[in-house]
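Shown below: my_file.txt, with compact mmCIF, C-alpha atoms.
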# COMPACT_ATOMS: atom_id res chain seq x y z
CA MET A 1 -11.40 -5.73 -14.92
CA SER A 2 -11.76 -7.09 -18.48
CA THR A 3 -9.02 -8.73 -20.53
CA PHE A 4 -9.00 -5.69 -22.82
CA GLU A 5 -8.57 -3.34 -19.91
CA SER A 6 -5.86 -5.52 -18.42
CA SER A 7 -3.93 -5.52 -21.68
CA ALA A 8 -4.14 -1.74 -21.90
CA PHE A 9 -3.12 -1.52 -18.26
CA LEU A 10 0.01 -3.58 -18.91
CA ARG A 11 1.00 -1.94 -22.19
CA ARG A 12 0.95 1.54 -20.71
CA PHE A 13 2.45 0.90 -17.30
CA ARG A 14 5.96 1.97 -18.26
CA ASN A 15 4.85 5.16 -19.95
CA ASN A 16 6.72 7.97 -18.14
CA THR A 17 5.07 10.90 -19.85
CA GLU A 18 1.73 12.55 -19.16
CA GLN A 19 -0.97 11.37 -21.58
CA SER A 20 -2.62 14.25 -23.39
CA ALA A 21 -5.40 12.17 -24.93
CA ARG A 22 -8.77 12.02 -23.20
CA PRO A 23 -9.28 8.61 -21.51
CA VAL A 24 -11.84 6.22 -22.91
CA PRO A 25 -14.65 5.85 -20.35
CA GLY A 26 -14.31 2.56 -18.51
CA GLN A 27 -10.77 1.89 -19.67
CA ILE A 28 -7.80 1.79 -17.32
CA ARG A 29 -4.83 3.86 -18.32
CA ILE A 30 -1.53 4.65 -16.69
CA SER A 31 0.05 8.06 -16.34
CA ARG A 32 2.17 10.13 -14.02
CA GLY A 33 1.70 13.12 -11.83
CA VAL A 34 -1.54 12.73 -9.92
CA SER A 35 -0.02 12.88 -6.46
CA ASP A 36 2.22 15.44 -4.85
CA GLU A 37 4.68 12.65 -4.06
CA VAL A 38 5.15 11.81 -7.72
CA LYS A 39 7.70 14.26 -8.97
CA ASP A 40 10.09 13.88 -11.87
CA GLY A 41 11.98 10.62 -11.43
CA SER A 42 10.41 9.79 -8.08
CA ALA A 43 8.32 6.85 -9.18
CA LYS A 44 8.06 4.53 -12.12
CA ALA A 45 4.40 5.19 -12.78
CA VAL A 46 1.15 5.90 -11.03
CA ILE A 47 -2.30 4.60 -11.68
CA GLU A 48 -5.00 6.86 -12.95
CA LYS A 49 -8.58 5.72 -12.77
CA PRO A 50 -10.71 7.25 -15.52
CA VAL A 51 -14.12 8.72 -14.90
CA ALA A 52 -17.05 9.17 -17.20
CA ALA A 53 -16.45 11.56 -20.10
CA SER A 54 -19.37 13.69 -18.97
CA SER A 55 -17.97 14.11 -15.48
CA PRO A 56 -16.98 17.71 -14.57
CA LYS A 57 -13.80 16.37 -12.98
CA SER A 58 -12.88 14.53 -16.17
CA SER A 59 -13.54 17.64 -18.23
CA VAL A 60 -11.50 19.96 -16.04
CA VAL A 61 -8.50 17.65 -15.75
CA SER A 62 -8.57 16.81 -19.45
CA ASP A 63 -8.67 20.51 -20.32
CA LEU A 64 -5.79 21.23 -17.99
CA ILE A 65 -3.70 18.51 -19.58
CA LYS A 66 -4.77 19.44 -23.11
CA ASN A 67 -3.92 23.09 -22.62
CA SER A 68 -0.48 22.21 -21.31
CA VAL A 69 0.59 19.72 -23.96
CA ASP A 70 3.50 21.88 -25.03
CA ALA A 71 4.46 22.90 -21.49
CA PRO A 72 7.21 21.15 -19.51
CA THR A 73 6.12 17.99 -17.72
CA GLN A 74 6.54 19.58 -14.29
CA GLU A 75 4.19 22.40 -15.29
CA LYS A 76 1.52 19.93 -16.36
CA GLU A 77 1.93 18.03 -13.10
CA LYS A 78 1.52 21.30 -11.22
CA TYR A 79 -1.82 21.96 -12.92
CA VAL A 80 -3.12 18.50 -12.08
CA SER A 81 -1.77 18.58 -8.53
CA THR A 82 -3.30 21.99 -7.82
CA TYR A 83 -6.69 20.90 -9.09
CA ARG A 84 -6.63 17.64 -7.14
CA THR A 85 -5.51 19.37 -3.94
CA SER A 86 -8.44 21.76 -4.20
CA GLN A 87 -10.79 18.81 -4.67
CA PHE A 88 -9.51 17.15 -1.50
CA GLU A 89 -9.77 20.40 0.44
CA LYS A 90 -13.38 20.86 -0.65
CA LEU A 91 -14.42 17.28 0.08
CA LEU A 92 -12.66 16.98 3.45
CA ALA A 93 -14.15 20.30 4.62
CA MET A 94 -17.68 18.87 4.47
CA GLU A 95 -19.47 18.07 7.69
CA ASN A 96 -20.36 14.59 6.41
CA ILE A 97 -17.99 13.12 3.87
CA ASN A 98 -19.36 10.90 1.13
CA LEU A 99 -17.20 7.78 1.11
CA ALA A 100 -17.97 6.96 -2.52
CA SER A 101 -16.72 10.39 -3.59
CA LEU A 102 -13.66 10.05 -1.38
CA ARG A 103 -12.84 6.65 -2.87
CA THR A 104 -13.11 8.00 -6.40
CA LEU A 105 -10.85 10.92 -5.61
CA ALA A 106 -8.32 8.90 -3.60
CA TRP A 107 -8.00 6.24 -6.31
CA ASN A 108 -5.86 8.63 -8.35
CA GLY A 109 -3.50 9.40 -5.46
CA VAL A 110 -3.73 11.35 -2.22
CA PRO A 111 -1.64 14.45 -1.37
CA SER A 112 0.57 13.64 1.61
CA LYS A 113 -0.97 16.25 3.89
CA TYR A 114 -4.40 14.59 3.53
CA ARG A 115 -3.28 10.96 3.38
CA ALA A 116 -3.69 10.16 7.09
CA ASP A 117 -7.30 11.37 7.25
CA VAL A 118 -8.20 9.76 3.92
CA TRP A 119 -6.70 6.37 4.74
CA GLN A 120 -8.24 6.34 8.22
CA MET A 121 -11.69 7.15 6.85
CA LEU A 122 -11.53 4.64 4.01
CA LEU A 123 -10.27 1.93 6.38
CA GLY A 124 -13.20 2.64 8.70
CA TYR A 125 -11.22 3.97 11.64
CA LEU A 126 -11.98 7.70 11.43
CA PRO A 127 -15.66 8.73 11.30
CA THR A 128 -16.81 10.59 8.20
CA ASN A 129 -18.89 12.90 10.39
CA ARG A 130 -16.73 15.80 11.51
CA ASP A 131 -18.43 16.24 14.90
CA ARG A 132 -17.79 12.62 15.88
CA ARG A 133 -14.09 12.42 15.02
CA ALA A 134 -12.48 13.87 18.15
CA ALA A 135 -14.52 11.71 20.52
CA ALA A 136 -13.98 8.59 18.40
CA LEU A 137 -10.22 9.10 18.31
CA ASP A 138 -10.06 9.67 22.06
CA ARG A 139 -12.07 6.51 22.73
CA LYS A 140 -10.07 4.25 20.38
CA ARG A 141 -6.72 5.60 21.54
CA LYS A 142 -7.73 5.05 25.16
CA GLU A 143 -8.75 1.48 24.35
CA TYR A 144 -5.36 0.83 22.79
CA PHE A 145 -3.49 2.33 25.76
CA GLU A 146 -5.47 0.06 28.08
CA SER A 147 -4.48 -2.90 25.90
CA ILE A 148 -0.81 -2.10 26.46
CA ALA A 149 -1.28 -2.35 30.22
CA MET A 150 -3.40 -5.48 29.89
CA TYR A 151 -1.36 -7.48 27.37
CA PHE A 152 2.10 -6.04 26.90
CA ALA A 153 3.22 -4.58 30.22
CA VAL A 154 3.00 -7.86 32.08
CA ALA A 155 5.59 -10.16 33.64
CA ASP A 156 7.01 -12.86 31.39
CA ILE A 157 5.68 -15.51 33.73
CA ASP A 158 2.15 -14.36 32.89
CA ARG A 159 2.61 -14.93 29.15
CA THR A 160 1.57 -18.17 27.47
CA LYS A 161 4.07 -20.17 25.43
CA GLN A 162 2.44 -18.93 22.22
CA ASP A 163 2.65 -15.33 23.44
CA GLU A 164 6.35 -15.76 24.17
CA GLU A 165 6.94 -17.20 20.71
CA ASN A 166 5.09 -14.32 19.08
CA LEU A 167 7.05 -11.74 21.06
CA SER A 168 10.33 -13.47 20.28
CA GLN A 169 9.63 -13.60 16.54
CA ILE A 170 8.55 -9.96 16.48
CA SER A 171 11.75 -8.95 18.27
CA ILE A 172 13.78 -10.85 15.67
CA ASP A 173 11.93 -9.38 12.69
CA LEU A 174 11.85 -5.71 13.67
CA PRO A 175 15.57 -4.92 13.15
CA ARG A 176 15.22 -6.40 9.66
CA THR A 177 12.18 -4.28 8.83
CA SER A 178 12.98 -1.66 6.17
CA PRO A 179 16.69 -1.82 7.07
CA ASN A 180 17.60 0.91 4.58
CA VAL A 181 15.13 3.41 6.05
CA ALA A 182 16.64 5.11 9.10
CA PHE A 183 13.24 6.13 10.47
CA PHE A 184 12.30 2.51 11.21
CA GLN A 185 15.62 1.77 12.92
CA GLN A 186 14.95 4.26 15.74
CA SER A 187 14.45 2.49 19.04
CA VAL A 188 11.29 4.45 19.85
CA VAL A 189 9.75 3.41 16.54
CA GLN A 190 10.71 -0.24 16.97
CA ASP A 191 9.30 -0.28 20.50
CA ALA A 192 6.02 1.09 19.17
CA MET A 193 5.94 -1.50 16.39
CA LYS A 194 6.65 -4.28 18.88
CA ARG A 195 3.70 -3.27 21.05
CA ILE A 196 1.37 -2.94 18.05
CA LEU A 197 2.23 -6.31 16.55
CA TYR A 198 2.25 -8.15 19.87
CA ILE A 199 -1.10 -6.77 21.00
CA TRP A 200 -2.62 -7.53 17.62
CA SER A 201 -1.38 -11.13 17.86
CA ILE A 202 -2.87 -11.52 21.34
CA ARG A 203 -6.25 -10.22 20.21
CA HIS A 204 -6.27 -12.37 17.06
CA PRO A 205 -5.22 -15.86 18.20
CA ALA A 206 -6.54 -17.54 15.02
CA SER A 207 -3.45 -16.35 13.18
CA GLY A 208 -1.22 -14.76 15.78
CA TYR A 209 1.80 -12.88 14.50
CA VAL A 210 3.05 -13.91 11.06
CA GLN A 211 6.17 -12.64 9.36
CA GLY A 212 5.20 -9.97 6.87
CA MET A 213 2.85 -8.15 9.21
CA ASN A 214 5.82 -6.10 10.35
CA ASP A 215 6.22 -4.86 6.77
CA LEU A 216 2.53 -3.98 6.44
CA LEU A 217 2.79 -1.81 9.54
CA THR A 218 5.52 0.46 8.14
CA PRO A 219 3.44 2.61 5.75
CA LEU A 220 0.61 2.85 8.27
CA LEU A 221 2.95 4.08 11.00
CA LEU A 222 4.55 6.58 8.67
CA VAL A 223 1.25 7.95 7.41
CA SER A 224 -0.13 8.17 10.96
CA LEU A 225 2.79 10.46 11.81
CA GLN A 226 2.24 12.79 8.85
CA PRO A 227 -0.33 15.07 10.57
CA PHE A 228 2.22 15.90 13.28
CA VAL A 229 5.47 16.51 11.38
CA GLU A 230 6.44 17.96 8.03
CA ASP A 231 8.74 15.13 6.92
CA PRO A 232 8.12 11.85 8.80
CA LEU A 233 11.01 9.97 7.23
CA ARG A 234 13.50 12.51 8.58
CA CYS A 235 11.82 12.83 11.94
CA ASP A 236 13.72 12.25 15.16
CA VAL A 237 10.88 10.59 17.02
CA ALA A 238 12.59 10.92 20.40
CA ALA A 239 12.47 14.71 20.02
CA LEU A 240 8.70 14.89 19.48
CA GLU A 241 6.47 16.57 22.02
CA SER A 242 5.20 14.29 24.75
CA GLY A 243 2.14 12.31 23.73
CA ILE A 244 2.47 12.61 19.95
CA MET A 245 4.08 9.23 19.37
CA ALA A 246 1.51 7.57 21.61
CA LYS A 247 -1.30 8.89 19.40
CA VAL A 248 0.57 7.82 16.27
CA GLU A 249 1.07 4.33 17.70
CA ALA A 250 -2.60 3.94 18.59
CA ASP A 251 -3.78 5.18 15.18
CA ALA A 252 -1.36 2.86 13.37
CA TYR A 253 -2.59 -0.08 15.47
CA TRP A 254 -6.22 0.46 14.56
CA CYS A 255 -5.44 1.01 10.88
CA LEU A 256 -3.46 -2.23 10.83
CA THR A 257 -6.38 -3.99 12.50
CA LYS A 258 -8.84 -2.68 9.92
CA LEU A 259 -6.52 -3.66 7.08
CA LEU A 260 -5.87 -7.19 8.35
CA ASP A 261 -9.57 -7.76 9.02
CA ASN A 262 -10.06 -7.92 5.24
CA ILE A 263 -7.13 -10.23 4.48
CA GLN A 264 -6.80 -12.32 7.61
CA ASP A 265 -6.92 -15.62 5.71
CA HIS A 266 -3.55 -14.64 4.27
CA TYR A 267 -2.11 -15.42 7.69
CA THR A 268 -4.23 -18.25 9.07
CA PHE A 269 -3.20 -21.92 8.84
CA GLY A 270 -2.36 -22.89 5.27
CA GLN A 271 -2.58 -19.25 4.15
CA PRO A 272 -5.48 -19.83 1.71
CA GLY A 273 -5.56 -16.15 0.79
CA LEU A 274 -2.01 -16.23 -0.54
CA GLN A 275 -2.69 -19.41 -2.48
CA ARG A 276 -5.80 -17.89 -4.00
CA MET A 277 -3.92 -14.79 -5.17
CA THR A 278 -1.03 -16.82 -6.58
CA LEU A 279 -3.40 -18.98 -8.64
CA ARG A 280 -5.13 -15.86 -9.92
CA LEU A 281 -1.80 -14.34 -10.91
CA GLN A 282 -0.77 -17.50 -12.73
CA ASP A 283 -4.06 -17.54 -14.63
CA LEU A 284 -3.77 -13.88 -15.62
CA VAL A 285 -0.21 -14.28 -16.89
CA ASN A 286 -1.27 -17.32 -18.88
CA ARG A 287 -4.11 -15.37 -20.53
CA LEU A 288 -2.31 -12.06 -21.02
CA ASP A 289 1.18 -13.26 -21.87
CA ALA A 290 1.27 -16.91 -22.89
CA GLU A 291 4.89 -16.56 -23.99
CA LEU A 292 6.09 -15.54 -20.54
CA HIS A 293 3.97 -18.22 -18.90
CA ALA A 294 5.40 -20.88 -21.22
CA HIS A 295 8.95 -19.71 -20.45
CA PHE A 296 8.33 -20.17 -16.72
CA GLN A 297 7.00 -23.66 -17.37
CA GLN A 298 9.93 -24.55 -19.59
CA GLN A 299 12.39 -23.42 -16.91
CA GLY A 300 10.51 -25.19 -14.12
CA VAL A 301 9.73 -21.89 -12.36
CA MET A 302 6.66 -22.15 -10.17
CA PHE A 303 4.96 -18.88 -9.30
CA GLN A 304 5.05 -19.79 -5.61
CA PHE A 305 8.84 -19.52 -5.73
CA PHE A 306 8.66 -15.74 -5.81
CA THR A 307 5.04 -14.65 -5.33
CA THR A 308 4.68 -15.77 -1.72
CA ARG A 309 6.58 -12.70 -0.59
CA TRP A 310 4.86 -10.51 -3.17
CA MET A 311 1.46 -11.47 -1.80
CA ASN A 312 2.42 -11.71 1.87
CA CYS A 313 4.19 -8.34 2.05
CA PHE A 314 2.37 -6.60 -0.83
CA LEU A 315 5.64 -5.66 -2.58
CA LEU A 316 6.93 -3.71 0.41
CA ARG A 317 10.29 -5.44 -0.03
CA GLU A 318 10.30 -4.96 -3.80
CA LEU A 319 9.34 -1.29 -4.24
CA PRO A 320 10.52 1.98 -2.65
CA LEU A 321 8.33 3.32 0.13
CA ARG A 322 7.22 6.35 -1.91
CA SER A 323 5.84 4.00 -4.58
CA ILE A 324 4.14 1.86 -1.93
CA LEU A 325 2.34 4.88 -0.48
CA ARG A 326 1.01 5.74 -3.92
CA LEU A 327 -0.08 2.17 -4.61
CA TRP A 328 -1.80 1.94 -1.26
CA ASP A 329 -3.82 5.06 -2.05
CA THR A 330 -5.46 2.98 -4.74
CA TYR A 331 -5.58 -0.29 -2.79
CA ILE A 332 -7.35 1.39 0.12
CA ALA A 333 -9.66 3.35 -2.19
CA GLU A 334 -10.89 0.13 -3.80
CA GLU A 335 -14.17 -0.70 -2.10
CA HIS A 336 -13.84 -4.44 -2.61
CA GLY A 337 -10.54 -6.28 -2.46
CA GLY A 338 -7.96 -3.67 -3.30
CA PHE A 339 -5.27 -5.61 -1.48
CA GLU A 340 -6.45 -8.98 -2.72
CA ASN A 341 -7.71 -8.29 -6.25
CA PHE A 342 -6.10 -5.16 -7.59
CA HIS A 343 -2.75 -6.13 -6.14
CA VAL A 344 -2.65 -9.19 -8.41
CA TYR A 345 -2.81 -6.91 -11.48
CA VAL A 346 0.06 -4.86 -10.13
CA CYS A 347 2.07 -8.09 -9.86
CA VAL A 348 1.22 -8.86 -13.48
CA VAL A 349 2.53 -5.42 -14.39
CA LEU A 350 5.81 -6.15 -12.64
CA LEU A 351 6.25 -9.38 -14.55
CA LYS A 352 5.42 -7.69 -17.86
CA THR A 353 7.76 -4.82 -17.08
CA PHE A 354 10.74 -7.16 -16.75
CA LYS A 355 9.67 -9.70 -19.35
CA ASP A 356 12.52 -8.90 -21.77
CA HIS A 357 15.07 -9.60 -19.04
CA VAL A 358 13.36 -12.72 -17.74
CA MET A 359 12.96 -14.30 -21.17
CA LYS A 360 16.75 -14.44 -21.51
CA MET A 361 17.25 -16.15 -18.13
CA GLU A 362 17.26 -19.70 -16.92
CA PHE A 363 15.78 -21.10 -13.70
CA GLN A 364 18.34 -19.97 -11.13
CA ASP A 365 18.80 -16.52 -12.63
CA ILE A 366 15.04 -15.99 -12.79
CA ILE A 367 14.59 -16.81 -9.11
CA LEU A 368 17.47 -14.56 -8.05
CA PHE A 369 16.20 -11.74 -10.25
CA MET A 370 12.66 -11.96 -8.89
CA GLN A 371 14.00 -11.78 -5.34
CA ASN A 372 15.98 -8.63 -6.08
CA LEU A 373 14.12 -6.55 -8.65
CA PRO A 374 15.93 -3.42 -9.92
CA THR A 375 13.30 -1.00 -8.63
CA THR A 376 15.36 1.08 -6.22
CA GLU A 377 15.03 4.26 -8.29
CA TRP A 378 11.34 3.96 -9.01
Just give me the structure as structure tokens.
Amino acid sequence: MSTFESSAFLRRFRNNTEQSARPVPGQIRISRGVSDEVKDGSAKAVIEKPVAASSPKSSVVSDLIKNSVDAPTQEKEKYVSTYRTSQFEKLLAMENINLASLRTLAWNGVPSKYRADVWQMLLGYLPTNRDRRAAALDRKRKEYFESIAMYFAVADIDRTKQDEENLSQISIDLPRTSPNVAFFQQSVVQDAMKRILYIWSIRHPASGYVQGMNDLLTPLLLVSLQPFVEDPLRCDVAALESGIMAKVEADAYWCLTKLLDNIQDHYTFGQPGLQRMTLRLQDLVNRLDAELHAHFQQQGVMFQFFTTRWMNCFLLRELPLRSILRLWDTYIAEEHGGFENFHVYVCVVLLKTFKDHVMKMEFQDIILFMQNLPTTEW
């Protein structure tokens, strides 16, 4: 991403209206309404990745938007949503799905009814070949169920000291995970999360369980449930048919594993991944907004004071879940480093969005503000 593109990205982030102009090939622009989750007032903004001007997709979408310039915003969103839904239907119906095409399409947002399949394919859990999917799911779910018996359902005396510490910390963290979302406070859901996180920690002793992993699990668990219920957030998990939650738990475990495989140095000793991202963020802010960077220096605000949580939990404690799902569509669609590289630009956007407020604050107020961003209604 060039400096020019980054500047455009930041300038247009807060634009809450659909852009009628055709995007410049290769330039990043921000708009609304590319996902069925993003309705009027439901999110601050979504990210739209432009395609070449000669692309049929670019032409069709641009024409739809152009022809609806004078129509209400919801009507324009309907046009775009309908077109994108048809594109997902066509692509996912293929016997062998082209991952490059799926990434390109998913970058702009994934309709909720397709999100589970799309995320699982892009993460490398679900095969792109239709004939192999059922057998692959059965095999991986069985492997996870066997792991429960092997690692979790054992007597306390058979656990190592490190295992006991991991289990204890997980048990402490789970009640504090998404405390304002009733779905995650259900005992069945918390039991599933406890097994997932504990088994992952056992199978990855280099890092073990680290606080923040519990947050990363929440969108994966929710999306894994979407194929089985109409509205996961309002689902009474205890009332589900027998076996459904077990499948959801296994799928969420493997998706978490695939995700953490790419960012595991965020959680190993010294957390070099987090340090690397923080330094990159500091450099970008310095280059793109020297005034804001200088204000932080003048007030003695170090980026580590607030970015550790931003990088460790990927803004799951800063943004509403609906916004996180949309962001993760793009993170997961990025072939290289969506969670490590693209996420840093999103953090720059957050800082730029609240620059006017921050520039009027001193050290203590800045820290408190960064720890409690006013994003509830995004």
Exercise for the section: Quick one: pull the distance between atom CA of Pro227 of chain A and atom CA of Ile97 of chain A, Å, one decimal. Expected result: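 Computing the Euclidean distance for atom CA of Pro227 of chain A and atom CA of Ile97 of chain A yields 19.0 Å.
Here atom CA of Glu249 of chain A stands at a distance of 8.7 Å from atom CA of Arg195 of chain A.
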Practice task
Go through A:Gln264, A:Asn286, A:Ser178, A:Gln275 one by one, measure the shortest atom-to-atom distance of each to Leu321 of chain A using only C-alpha atoms, and give the residue with the smallest value.
Solution key: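 Comparing A:Gln264, A:Asn286, A:Ser178, A:Gln275 against Leu321 of chain A, the winner is A:Ser178.
Counting all atoms listed in the file and comparing A:His295, A:His266, A:His204, A:Lys247, the residue that lies closest to Arg139 of chain A is A:Lys247.
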Practice task
Identify the residues within 9 Å of coordinate (2.7, -15.0, -6.1) (same frame as the file), considering all atoms listed in the file, and give the answer as number ranges by chain.
Solution key: A: 274-275, 277-282, 303-312, 344, 347
